[in-house]
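Colleague: This is run_35.txt (compact mmCIF, C-alpha atoms).
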# COMPACT_ATOMS: atom_id res chain seq x y z
CA MET A 1 -35.77 -117.35 -157.68
CA LYS A 2 -32.23 -116.47 -156.65
CA VAL A 3 -28.95 -117.58 -158.22
CA PHE A 4 -25.89 -117.35 -155.96
CA ILE A 5 -22.75 -116.43 -157.86
CA PRO A 6 -19.43 -117.76 -156.49
CA THR A 7 -16.69 -115.20 -155.82
CA PRO A 8 -14.52 -116.06 -158.87
CA LEU A 9 -17.45 -115.44 -161.24
CA ARG A 10 -18.56 -112.06 -159.87
CA ASP A 11 -16.24 -110.26 -162.26
CA TYR A 12 -18.66 -111.41 -164.95
CA THR A 13 -21.84 -110.31 -163.11
CA GLU A 14 -20.87 -106.71 -162.43
CA LYS A 15 -19.90 -107.85 -158.88
CA GLU A 16 -23.43 -109.11 -158.16
CA ALA A 17 -23.41 -111.99 -155.63
CA VAL A 18 -27.10 -112.76 -156.08
CA VAL A 19 -29.07 -112.57 -159.33
CA GLU A 20 -32.88 -112.76 -159.36
CA LEU A 21 -34.33 -114.69 -162.31
CA SER A 22 -37.61 -116.28 -163.38
CA PRO A 23 -38.40 -119.84 -162.27
CA GLY A 24 -37.95 -122.66 -164.79
CA SER A 25 -35.68 -125.64 -165.38
CA VAL A 26 -32.03 -125.37 -164.31
CA ASP A 27 -31.11 -125.25 -167.98
CA GLU A 28 -33.52 -122.36 -168.63
CA VAL A 29 -32.32 -120.45 -165.57
CA LEU A 30 -28.66 -120.81 -166.58
CA ARG A 31 -29.42 -119.76 -170.18
CA GLU A 32 -31.24 -116.66 -168.90
CA LEU A 33 -28.32 -115.93 -166.59
CA THR A 34 -25.74 -116.20 -169.38
CA SER A 35 -27.83 -114.10 -171.75
CA ARG A 36 -27.97 -111.36 -169.10
CA TYR A 37 -24.21 -111.75 -168.44
CA PRO A 38 -22.66 -113.09 -171.70
CA GLY A 39 -19.16 -113.26 -170.17
CA LEU A 40 -20.38 -116.11 -167.97
CA ARG A 41 -21.18 -118.37 -170.93
CA LYS A 42 -17.62 -119.53 -171.55
CA GLN A 43 -17.08 -120.04 -167.84
CA LEU A 44 -20.12 -122.27 -167.37
CA PHE A 45 -20.62 -124.04 -170.70
CA ALA A 46 -18.28 -126.07 -172.89
CA GLU A 47 -18.12 -125.51 -176.65
CA ASP A 48 -20.66 -128.33 -177.16
CA GLY A 49 -23.14 -126.31 -175.07
CA ARG A 50 -23.08 -128.70 -172.11
CA LEU A 51 -22.29 -127.62 -168.57
CA ARG A 52 -18.51 -127.84 -168.00
CA LYS A 53 -17.57 -130.97 -166.09
CA PHE A 54 -16.20 -129.24 -163.01
CA VAL A 55 -19.21 -126.97 -162.60
CA ASN A 56 -21.56 -128.32 -159.96
CA VAL A 57 -25.06 -126.87 -159.58
CA TYR A 58 -27.14 -127.14 -156.45
CA VAL A 59 -30.85 -126.41 -156.05
CA ASN A 60 -31.47 -125.61 -152.38
CA ASP A 61 -28.20 -127.38 -151.47
CA GLU A 62 -29.06 -130.54 -153.38
CA ASP A 63 -26.70 -131.50 -156.21
CA ILE A 64 -28.74 -131.58 -159.44
CA ARG A 65 -26.95 -134.86 -160.23
CA HIS A 66 -29.09 -136.36 -157.47
CA LEU A 67 -32.22 -134.67 -158.86
CA GLU A 68 -33.01 -134.42 -162.57
CA ASN A 69 -29.80 -132.75 -163.73
CA GLU A 70 -30.42 -129.72 -165.97
CA ASN A 71 -34.13 -130.64 -166.19
CA THR A 72 -34.58 -130.07 -162.44
CA GLN A 73 -37.33 -127.51 -161.91
CA VAL A 74 -36.48 -124.39 -159.90
CA ARG A 75 -39.50 -122.79 -158.23
CA TYR A 76 -40.12 -119.18 -157.27
CA ASP A 77 -38.69 -119.50 -153.73
CA ASP A 78 -35.83 -121.84 -154.58
CA THR A 79 -32.15 -120.98 -154.69
CA LEU A 80 -29.58 -122.14 -157.20
CA SER A 81 -25.87 -122.23 -156.34
CA ILE A 82 -23.03 -122.58 -158.83
CA ILE A 83 -20.01 -124.20 -157.18
CA PRO A 84 -16.73 -125.10 -158.86
CA SER A 85 -15.72 -128.56 -157.75
CA VAL A 86 -12.68 -128.43 -155.52
CA ALA A 87 -12.76 -132.18 -155.71
CA GLY A 88 -16.33 -133.04 -156.55
CA GLY A 89 -18.52 -134.57 -153.92
CA CYS A 90 -21.70 -133.44 -152.27
CA PHE A 91 -21.25 -130.77 -149.65
CA LYS A 92 -24.71 -131.32 -148.23
CA LEU A 93 -23.72 -134.69 -146.78
CA GLU A 94 -20.49 -133.46 -145.23
CA ARG A 95 -21.28 -129.92 -144.24
CA ASN A 96 -21.49 -130.52 -140.51
CA GLY A 97 -22.45 -127.13 -139.22
CA CYS A 98 -21.56 -125.01 -142.26
CA GLN A 99 -24.27 -122.50 -143.09
CA PRO A 100 -26.15 -123.21 -146.29
CA PRO A 101 -24.33 -121.28 -149.02
CA GLY A 102 -27.38 -119.11 -149.59
CA ASP A 103 -27.54 -118.00 -145.97
CA VAL A 104 -23.85 -117.21 -145.94
CA HIS A 105 -24.25 -114.98 -148.97
CA LEU A 106 -27.26 -113.25 -147.53
CA ARG A 107 -25.48 -112.65 -144.24
CA GLN A 108 -22.45 -111.27 -146.04
CA LEU A 109 -24.69 -109.02 -148.08
CA SER A 110 -26.50 -107.68 -145.03
CA GLU A 111 -23.17 -107.08 -143.26
CA ALA A 112 -21.99 -105.25 -146.35
CA GLY A 113 -25.03 -103.06 -145.87
CA MET B 1 26.47 -167.11 -131.36
CA GLN B 2 23.21 -168.94 -130.62
CA GLY B 3 21.00 -167.37 -127.99
CA ALA B 4 22.79 -164.04 -127.98
CA VAL B 5 20.66 -160.93 -128.54
CA ARG B 6 21.91 -159.15 -131.61
CA LYS B 7 22.26 -155.44 -130.95
CA ILE B 8 20.58 -153.20 -133.49
CA SER B 9 21.31 -149.54 -133.89
CA PRO B 10 18.30 -147.38 -132.89
CA THR B 11 18.40 -145.85 -136.38
CA SER B 12 18.50 -149.18 -138.22
CA ASP B 13 15.78 -149.90 -140.79
CA ALA B 14 15.53 -153.36 -139.21
CA LEU B 15 13.46 -151.68 -136.50
CA GLY B 16 11.03 -150.42 -139.11
CA GLN B 17 10.60 -146.76 -139.98
CA ALA B 18 8.67 -143.97 -138.32
CA LEU B 19 5.94 -142.32 -140.39
CA LEU B 20 7.99 -139.14 -140.85
CA GLN B 21 10.82 -141.18 -142.40
CA LEU B 22 8.46 -142.45 -145.11
CA ILE B 23 7.87 -138.92 -146.43
CA GLY B 24 9.80 -137.91 -149.54
CA ASN B 25 12.26 -139.88 -151.67
CA THR B 26 9.44 -140.57 -154.10
CA PRO B 27 10.06 -142.45 -157.36
CA LEU B 28 10.86 -140.53 -160.55
CA LEU B 29 8.43 -141.88 -163.09
CA ARG B 30 9.28 -141.97 -166.78
CA PHE B 31 6.53 -141.66 -169.39
CA HIS B 32 6.87 -143.53 -172.68
CA ARG B 33 3.70 -143.38 -174.72
CA VAL B 34 2.35 -139.85 -174.24
CA THR B 35 5.83 -138.62 -175.15
CA ARG B 36 6.38 -140.83 -178.21
CA ASN B 37 6.26 -137.87 -180.63
CA LEU B 38 8.91 -136.05 -178.64
CA ALA B 39 12.02 -138.01 -179.49
CA GLY B 40 14.98 -136.54 -177.70
CA VAL B 41 13.06 -134.94 -174.83
CA GLU B 42 12.62 -136.91 -171.62
CA VAL B 43 9.60 -136.19 -169.44
CA LEU B 44 9.90 -137.41 -165.86
CA ALA B 45 7.56 -136.94 -162.91
CA LYS B 46 7.87 -137.25 -159.17
CA ALA B 47 5.19 -139.75 -158.06
CA GLU B 48 4.14 -137.82 -154.97
CA TRP B 49 1.10 -140.01 -154.30
CA LYS B 50 3.66 -142.48 -152.90
CA ASN B 51 3.97 -140.37 -149.76
CA PRO B 52 2.22 -141.97 -146.74
CA GLY B 53 -0.53 -139.33 -146.71
CA GLY B 54 -1.00 -139.82 -150.46
CA SER B 55 0.23 -136.43 -151.68
CA VAL B 56 3.11 -133.99 -152.05
CA LYS B 57 1.64 -132.06 -149.14
CA ASP B 58 3.17 -134.50 -146.66
CA ARG B 59 6.49 -132.78 -147.32
CA ALA B 60 5.37 -129.24 -146.42
CA ALA B 61 3.17 -130.40 -143.52
CA ALA B 62 5.94 -132.51 -141.99
CA ASN B 63 8.46 -129.69 -142.23
CA ILE B 64 5.99 -127.15 -140.81
CA VAL B 65 5.25 -129.48 -137.87
CA THR B 66 8.92 -130.34 -137.27
CA ASP B 67 9.86 -126.66 -137.40
CA ALA B 68 7.05 -125.68 -135.00
CA ARG B 69 7.96 -128.41 -132.52
CA ARG B 70 11.62 -127.42 -132.58
CA MET B 71 10.65 -123.85 -131.72
CA GLY B 72 8.13 -124.98 -129.10
CA ARG B 73 5.24 -123.30 -130.92
CA LEU B 74 3.05 -126.41 -131.00
CA ALA B 75 3.37 -127.43 -127.34
CA GLY B 76 -0.07 -127.67 -125.73
CA LYS B 77 -1.75 -126.12 -128.76
CA THR B 78 -3.99 -127.19 -131.61
CA LEU B 79 -2.54 -126.99 -135.10
CA LEU B 80 -4.81 -124.78 -137.24
CA ASP B 81 -4.65 -124.19 -140.99
CA SER B 82 -6.77 -123.74 -144.11
CA THR B 83 -6.56 -126.32 -146.86
CA SER B 84 -8.50 -127.62 -149.83
CA GLY B 85 -7.81 -131.14 -148.64
CA ASN B 86 -4.39 -132.66 -149.18
CA THR B 87 -2.48 -130.59 -146.62
CA GLY B 88 -5.32 -131.30 -144.22
CA ILE B 89 -4.89 -135.03 -144.67
CA SER B 90 -1.15 -134.67 -144.03
CA TYR B 91 -1.68 -132.57 -140.88
CA ALA B 92 -4.34 -134.99 -139.62
CA MET B 93 -2.00 -137.94 -140.20
CA LEU B 94 0.88 -136.23 -138.38
CA GLY B 95 -1.37 -135.04 -135.53
CA SER B 96 -2.56 -138.58 -134.97
CA ALA B 97 0.95 -140.07 -135.17
CA GLU B 98 2.56 -137.46 -132.94
CA GLY B 99 -0.29 -136.74 -130.55
CA PHE B 100 -1.40 -133.14 -131.19
CA PRO B 101 -4.92 -131.95 -132.07
CA VAL B 102 -5.64 -130.55 -135.55
CA THR B 103 -8.37 -128.12 -136.72
CA LEU B 104 -8.77 -127.45 -140.45
CA CYS B 105 -10.75 -124.80 -142.35
CA ILE B 106 -11.90 -126.38 -145.60
CA PRO B 107 -14.28 -125.21 -148.36
CA ALA B 108 -17.50 -127.21 -147.97
CA ASN B 109 -17.33 -128.51 -151.54
CA VAL B 110 -14.29 -130.64 -150.73
CA SER B 111 -14.90 -134.23 -151.78
CA THR B 112 -16.65 -136.64 -149.46
CA GLU B 113 -13.59 -138.89 -149.67
CA ARG B 114 -11.25 -136.21 -148.36
CA ALA B 115 -13.50 -135.11 -145.52
CA ARG B 116 -13.90 -138.73 -144.43
CA ILE B 117 -10.15 -139.40 -144.51
CA ILE B 118 -9.50 -136.29 -142.39
CA ARG B 119 -12.17 -137.26 -139.87
CA ALA B 120 -10.97 -140.86 -139.79
CA LEU B 121 -7.56 -139.55 -138.74
CA GLY B 122 -9.19 -137.63 -135.91
CA ALA B 123 -8.93 -133.99 -137.04
CA GLU B 124 -11.70 -131.41 -136.63
CA ILE B 125 -13.10 -129.73 -139.75
CA VAL B 126 -14.54 -126.19 -139.95
CA PHE B 127 -16.35 -125.98 -143.28
CA THR B 128 -16.40 -122.64 -145.09
CA ASP B 129 -18.59 -121.25 -147.86
CA PRO B 130 -17.86 -123.28 -151.02
CA ALA B 131 -18.55 -120.22 -153.17
CA ASP B 132 -15.47 -118.52 -151.73
CA GLY B 133 -13.08 -121.40 -152.46
CA SER B 134 -9.70 -121.69 -150.76
CA ASP B 135 -9.49 -117.95 -150.10
CA GLY B 136 -12.65 -118.22 -147.96
CA ALA B 137 -11.07 -121.03 -145.93
CA LEU B 138 -7.89 -118.98 -145.54
CA ARG B 139 -9.81 -115.96 -144.21
CA ARG B 140 -11.69 -118.17 -141.71
CA ALA B 141 -8.42 -119.65 -140.40
CA HIS B 142 -7.02 -116.12 -139.94
CA GLU B 143 -10.13 -115.18 -137.95
CA LEU B 144 -9.94 -118.26 -135.69
CA ALA B 145 -6.20 -117.75 -135.08
CA ALA B 146 -6.72 -114.09 -134.22
CA ALA B 147 -9.65 -114.86 -131.90
CA GLU B 148 -7.88 -117.56 -129.85
CA PRO B 149 -4.10 -117.20 -130.20
CA GLN B 150 -3.53 -119.11 -126.94
CA LYS B 151 -5.42 -122.13 -128.31
CA TYR B 152 -4.02 -122.40 -131.80
CA PHE B 153 -0.67 -122.76 -133.50
CA TYR B 154 -1.61 -121.23 -136.87
CA ALA B 155 0.54 -123.14 -139.34
CA ASP B 156 -0.39 -120.83 -142.27
CA GLN B 157 1.05 -122.87 -145.14
CA TYR B 158 0.71 -119.86 -147.49
CA SER B 159 3.16 -117.77 -145.45
CA ASN B 160 5.26 -120.39 -143.64
CA ASP B 161 8.85 -120.63 -144.92
CA ALA B 162 8.98 -124.26 -143.74
CA ASN B 163 6.62 -124.98 -146.67
CA TRP B 164 9.02 -124.03 -149.49
CA ARG B 165 12.07 -125.17 -147.50
CA ALA B 166 10.71 -128.74 -147.50
CA HIS B 167 11.13 -128.67 -151.28
CA TYR B 168 14.39 -126.73 -151.22
CA HIS B 169 16.03 -129.37 -149.02
CA GLY B 170 13.97 -132.37 -150.18
CA THR B 171 12.31 -132.39 -153.59
CA ALA B 172 15.02 -130.41 -155.40
CA GLU B 173 17.90 -132.49 -154.00
CA GLU B 174 16.06 -135.71 -154.88
CA ILE B 175 15.46 -134.55 -158.46
CA TRP B 176 19.09 -133.53 -158.82
CA ARG B 177 20.27 -136.89 -157.49
CA GLN B 178 17.73 -139.01 -159.41
CA THR B 179 18.53 -137.35 -162.76
CA GLU B 180 22.25 -137.32 -161.95
CA GLY B 181 22.22 -133.59 -162.59
CA ARG B 182 20.78 -133.98 -166.10
CA ILE B 183 17.57 -131.99 -165.44
CA THR B 184 17.23 -129.02 -167.84
CA HIS B 185 13.64 -127.89 -167.11
CA PHE B 186 11.43 -127.94 -164.02
CA VAL B 187 7.64 -127.59 -164.34
CA ALA B 188 5.14 -127.26 -161.47
CA MET B 189 1.66 -126.00 -160.77
CA LEU B 190 1.20 -123.06 -158.37
CA GLY B 191 -1.01 -123.53 -155.30
CA THR B 192 0.57 -122.26 -152.11
CA SER B 193 3.55 -122.06 -154.53
CA GLY B 194 5.73 -123.91 -151.97
CA THR B 195 6.64 -126.76 -154.33
CA PHE B 196 7.58 -124.47 -157.19
CA VAL B 197 9.41 -121.85 -155.11
CA GLY B 198 11.47 -124.26 -152.99
CA THR B 199 12.38 -126.66 -155.78
CA ALA B 200 13.15 -123.97 -158.37
CA ARG B 201 15.21 -121.91 -155.92
CA ARG B 202 17.49 -124.86 -155.07
CA LEU B 203 17.72 -126.24 -158.63
CA LYS B 204 18.85 -122.84 -159.91
CA GLU B 205 21.58 -122.81 -157.27
CA LEU B 206 22.71 -126.28 -158.37
CA ASN B 207 22.67 -125.27 -162.04
CA PRO B 208 21.72 -121.70 -163.04
CA HIS B 209 20.89 -122.90 -166.57
CA ILE B 210 17.88 -124.92 -165.41
CA ARG B 211 14.69 -123.28 -166.69
CA CYS B 212 11.72 -123.26 -164.31
CA ILE B 213 8.16 -123.00 -165.64
CA SER B 214 5.19 -122.32 -163.38
CA LEU B 215 1.65 -123.37 -164.27
CA GLN B 216 -1.66 -121.78 -163.32
CA PRO B 217 -5.33 -122.42 -164.10
CA ASP B 218 -6.45 -120.35 -167.10
CA SER B 219 -9.32 -118.75 -165.16
CA PRO B 220 -10.26 -117.89 -161.58
CA PHE B 221 -13.15 -120.34 -162.04
CA HIS B 222 -11.55 -123.76 -162.50
CA GLY B 223 -11.53 -127.37 -161.37
CA ILE B 224 -7.82 -127.97 -160.87
CA GLU B 225 -7.61 -129.04 -157.26
CA GLY B 226 -5.18 -127.08 -155.12
CA ALA B 227 -4.17 -124.72 -157.94
CA LYS B 228 -4.34 -120.93 -157.72
CA HIS B 229 -5.04 -118.37 -160.43
CA MET B 230 -2.63 -115.81 -159.01
CA PRO B 231 -3.94 -112.67 -160.77
CA THR B 232 -7.28 -113.03 -158.95
CA SER B 233 -6.30 -114.80 -155.70
CA ILE B 234 -4.89 -113.85 -152.33
CA VAL B 235 -1.23 -114.19 -153.33
CA PRO B 236 0.74 -116.42 -150.91
CA GLN B 237 3.47 -114.57 -149.02
CA ILE B 238 6.03 -117.26 -149.95
CA TYR B 239 5.38 -116.84 -153.71
CA ASP B 240 8.33 -115.47 -155.70
CA PRO B 241 7.32 -114.93 -159.34
CA ALA B 242 10.91 -114.00 -160.24
CA LEU B 243 11.87 -117.69 -160.06
CA ALA B 244 9.73 -118.51 -163.10
CA ASP B 245 11.38 -118.25 -166.52
CA ALA B 246 7.92 -118.72 -168.04
CA ASN B 247 4.36 -119.36 -166.96
CA PHE B 248 1.73 -121.42 -168.80
CA PHE B 249 -2.01 -121.25 -168.21
CA ILE B 250 -3.82 -124.60 -168.30
CA SER B 251 -7.55 -125.22 -168.76
CA THR B 252 -9.43 -127.70 -166.59
CA GLU B 253 -10.59 -129.57 -169.70
CA GLU B 254 -6.99 -130.01 -170.93
CA ALA B 255 -6.17 -131.53 -167.54
CA HIS B 256 -9.18 -133.87 -167.67
CA THR B 257 -8.19 -135.07 -171.14
CA MET B 258 -4.59 -135.66 -170.04
CA LEU B 259 -5.75 -137.51 -166.94
CA LYS B 260 -7.62 -139.93 -169.20
CA ARG B 261 -4.63 -140.31 -171.53
CA LEU B 262 -2.27 -141.08 -168.65
CA ALA B 263 -4.74 -143.67 -167.35
CA ARG B 264 -5.25 -145.32 -170.74
CA GLU B 265 -1.80 -144.96 -172.28
CA GLU B 266 0.54 -145.10 -169.31
CA GLY B 267 -1.45 -147.09 -166.75
CA VAL B 268 -1.05 -144.28 -164.25
CA LEU B 269 -4.04 -142.77 -162.42
CA VAL B 270 -2.97 -139.29 -161.35
CA GLY B 271 -4.92 -136.40 -159.84
CA ILE B 272 -6.13 -133.36 -161.78
CA SER B 273 -3.25 -131.03 -160.88
CA ALA B 274 -0.79 -133.80 -161.83
CA ALA B 275 -2.51 -134.10 -165.19
CA ALA B 276 -2.31 -130.30 -165.57
CA ALA B 277 1.42 -130.52 -164.81
CA MET B 278 1.79 -133.05 -167.61
CA VAL B 279 -0.14 -130.77 -170.02
CA GLY B 280 2.35 -128.02 -169.24
CA SER B 281 5.32 -130.38 -169.54
CA LEU B 282 4.27 -131.71 -172.95
CA ARG B 283 3.54 -128.17 -174.17
CA LEU B 284 7.05 -127.19 -173.11
CA ALA B 285 8.55 -130.35 -174.66
CA GLU B 286 7.27 -129.29 -178.08
CA GLU B 287 9.06 -125.95 -177.80
CA ILE B 288 12.51 -126.97 -176.60
CA ASP B 289 15.63 -128.62 -177.96
CA ASP B 290 16.31 -132.33 -178.10
CA ASN B 291 18.36 -133.75 -175.25
CA SER B 292 16.26 -131.82 -172.73
CA VAL B 293 15.17 -133.45 -169.49
CA ILE B 294 11.90 -132.11 -168.08
CA VAL B 295 10.96 -132.95 -164.50
CA THR B 296 7.51 -132.21 -163.13
CA ILE B 297 5.53 -132.99 -160.00
CA CYS B 298 2.47 -135.24 -159.79
CA PRO B 299 1.00 -133.98 -156.49
CA ASP B 300 -1.48 -136.81 -155.93
CA GLY B 301 -3.35 -139.74 -157.42
CA ALA B 302 -6.81 -140.08 -158.95
CA ASP B 303 -8.38 -141.88 -156.02
CA ARG B 304 -9.37 -138.59 -154.38
CA TYR B 305 -11.34 -137.42 -157.42
CA LEU B 306 -13.57 -140.40 -158.10
CA SER B 307 -16.76 -138.41 -157.46
CA GLU B 308 -15.93 -135.80 -160.16
CA ARG B 309 -18.37 -135.50 -163.07
CA PHE B 310 -15.69 -135.78 -165.78
CA TRP B 311 -15.51 -139.55 -165.22
CA GLU B 312 -18.99 -139.77 -166.76
CA ASP B 313 -17.40 -139.37 -170.22
CA PHE B 314 -14.52 -141.69 -169.50
Just dump the structure as structure tokens.
Modeller:
Amino acid sequence: MKVFIPTPLRDYTEKEAVVELSPGSVDEVLRELTSRYPGLRKQLFAEDGRLRKFVNVYVNDEDIRHLENENTQVRYDDTLSIIPSVAGGCFKLERNGCQPPGDVHLRQLSEAG
Amino acid sequence: MQGAVRKISPTSDALGQALLQLIGNTPLLRFHRVTRNLAGVEVLAKAEWKNPGGSVKDRAAANIVTDARRMGRLAGKTLLDSTSGNTGISYAMLGSAEGFPVTLCIPANVSTERARIIRALGAEIVFTDPADGSDGALRRAHELAAAEPQKYFYADQYSNDANWRAHYHGTAEEIWRQTEGRITHFVAMLGTSGTFVGTARRLKELNPHIRCISLQPDSPFHGIEGAKHMPTSIVPQIYDPALADANFFISTEEAHTMLKRLAREEGVLVGISAAAAMVGSLRLAEEIDDNSVIVTICPDGADRYLSERFWEDF
């Protein structure tokens, strides 16, 4: 499965915009991600080990709050997006023509060659 | 004389006020309980959610629009800009009231509430990749403006001098008047930097001893709405770091905690950047002499953040 890294966090992923990881629960995927890139841990998790409150996670554009939170299962062909909340909310409902974040990343990557 | 029609001046308040006249002159709020350990230091805040569009951004947007109309740059065109929400609401409000179309580039993770307010006021939204934040929206607005210059008046709040001048002529003068010149320190969060730059520039002219402290998120990855981490962002053209006597970095969690304190101890529901401004102000208050008067800016209220996850622990 693919994890899409938002621009402000790419300094911690050696500039990678997309990271391929094994399927599992959201919690397992994020733990694997932060063990591969330890600098991300403080950005994503609070000291109590919980996801920071302004960090929103989407599986295929669906906010995990509307699924099973960190227990949501991510399958082989799923995508996971980490989005800092500008002001919370669910961008799926209001996107109105915006490309899914995954597609935007992929397009940018292909343009970048 | 009975039956006679009383003549009223066209500028009289008895005729009501136009929307533009309701912008600015916000109350200066005094905090009592969160400052109780700081005897001798006053902490005051401009209640900017009292503006008709609900945020400080009404000031910059109104001045940008007024400036553009005066120069004829808006005639027959659509106002275009990038925004993370509040400026968009202000533009949409003004476009509706004054009869010009508005197109806004906004990161797609903006709250449902904000997007609905903007649409309700009749503006068009172009959503941009949420992973790229406000810089992604800014780049998209640049592209649209460059592609169709005859269609758009690109307001460009990050580079438009009318942004900081709204605070130079408005916010700063109000603070000076409301504190009767007693202000010793000014504290504000950096976003476009218009509020900080305009207010600090004028206050330092009025009294060069006034210390001005800018605030920024402590990381490029943060949840402080409208705020910019300058070392990693596209730096606004209007930003002048030389105006800051000091800069504090604020974490999102500190702002969330302060937001809850202000709600529970002061009865005031402010937005996240307002709470961050209070974190910075109280941090400063602990460092400075008695008899200081700190003034900060509360850019908006909490009603635009009700879908945030931090309320779960409230």
Colleague: Distance cut-off 8 Å, centre (-17.1, -124.1, -159.0) in file coordinates, counting all atoms listed in the file: which residues qualify? Return them as a list of chain:residue names.
Modeller: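 In the file's frame, the residues around the point are A:Pro6, A:Phe54, A:Val55, A:Asn56, A:Ile82, A:Ile83, A:Pro84, A:Ser85, A:Val86, B:Ala131, B:Phe221, B:His222, B:Gly223.
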Colleague: Report the closest atom pair, with its distance in Å rounded to one decimal, for each residue of chain B that has an atom no farther than 7 Å from chain A; count all atoms listed in the file, sort by chain and then rising residue number, and write it as JSON lines.
Modeller:
{"residue": "B:Ala108", "atom": "CA", "partner": "A:Phe91", "partner_atom": "CA", "distance": 5.4}
{"residue": "B:Asn109", "atom": "CA", "partner": "A:Phe91", "partner_atom": "CA", "distance": 4.9}
{"residue": "B:Val110", "atom": "CA", "partner": "A:Ala87", "partner_atom": "CA", "distance": 5.4}
{"residue": "B:Ser111", "atom": "CA", "partner": "A:Gly89", "partner_atom": "CA", "distance": 4.2}
{"residue": "B:Thr112", "atom": "CA", "partner": "A:Gly89", "partner_atom": "CA", "distance": 5.3}
{"residue": "B:Phe127", "atom": "CA", "partner": "A:Cys98", "partner_atom": "CA", "distance": 5.4}
{"residue": "B:Thr128", "atom": "CA", "partner": "A:Cys98", "partner_atom": "CA", "distance": 6.3}
{"residue": "B:Asp129", "atom": "CA", "partner": "A:Pro101", "partner_atom": "CA", "distance": 5.9}
{"residue": "B:Pro130", "atom": "CA", "partner": "A:Ile83", "partner_atom": "CA", "distance": 6.6}
{"residue": "B:Ala131", "atom": "CA", "partner": "A:Pro6", "partner_atom": "CA", "distance": 4.2}
{"residue": "B:Asp132", "atom": "CA", "partner": "A:Thr7", "partner_atom": "CA", "distance": 5.4}
{"residue": "B:Pro220", "atom": "CA", "partner": "A:Pro8", "partner_atom": "CA", "distance": 5.4}
{"residue": "B:Phe221", "atom": "CA", "partner": "A:Pro8", "partner_atom": "CA", "distance": 5.5}
{"residue": "B:His222", "atom": "CA", "partner": "A:Pro84", "partner_atom": "CA", "distance": 6.5}
{"residue": "B:Gly223", "atom": "CA", "partner": "A:Phe54", "partner_atom": "CA", "distance": 5.3}
{"residue": "B:Glu225", "atom": "CA", "partner": "A:Val86", "partner_atom": "CA", "distance": 5.4}
{"residue": "B:Tyr305", "atom": "CA", "partner": "A:Ala87", "partner_atom": "CA", "distance": 5.7}
{"residue": "B:Ser307", "atom": "CA", "partner": "A:Gly88", "partner_atom": "CA", "distance": 5.5}
{"residue": "B:Glu308", "atom": "CA", "partner": "A:Gly88", "partner_atom": "CA", "distance": 4.6}
{"residue": "B:Arg309", "atom": "CA", "partner": "A:Lys53", "partner_atom": "CA", "distance": 5.5}
{"residue": "B:Phe310", "atom": "CA", "partner": "A:Lys53", "partner_atom": "CA", "distance": 5.2}
Colleague: Take atom CA of Ser25 of chain A and atom CA of Thr72 of chain A and report the distance between them in Å, one decimal.
Modeller: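 Taking atom CA of Ser25 of chain A and atom CA of Thr72 of chain A, their separation equals 5.4 Å.
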Colleague: Would you be able to write out as a PyMOL selection string which residues have an atom within 9 Å of (-21.1, -111.9, -163.8) in the file's coordinates, counting all atoms listed in the file?
Modeller: chain A and resi 5+9-17+33-34+36-40
Colleague: For segment 42-55 of chain B, find every residue with an atom within 7 Å (counting only C-alpha atoms), except residues of its own chain fewer than 5 positions away, and show them as a PyMOL selection string.
Modeller: chain B and resi 22-24+26-31+86+89-90+93+292-301
Colleague: Quick one, how far is atom CA of Ala120 of chain B from atom CA of Leu80 of chain B?
Modeller: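 These two atoms are separated by 17.4 Å.
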Colleague: Please, what distance in Å, to one decimal, runs between atom CA of Pro149 of chain B and atom CA of Met230 of chain B?
Modeller: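 Separating atom CA of Pro149 of chain B from atom CA of Met230 of chain B is a distance of 28.9 Å.
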Colleague: Tell me which of B:Thr195, B:Thr252, B:Ser84, B:Asn37 sits closest to Asp161 of chain B, counting only C-alpha atoms.
Modeller: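 Checking each of B:Thr195, B:Thr252, B:Ser84, B:Asn37 against Asp161 of chain B, counting only C-alpha atoms, the winner is B:Thr195.
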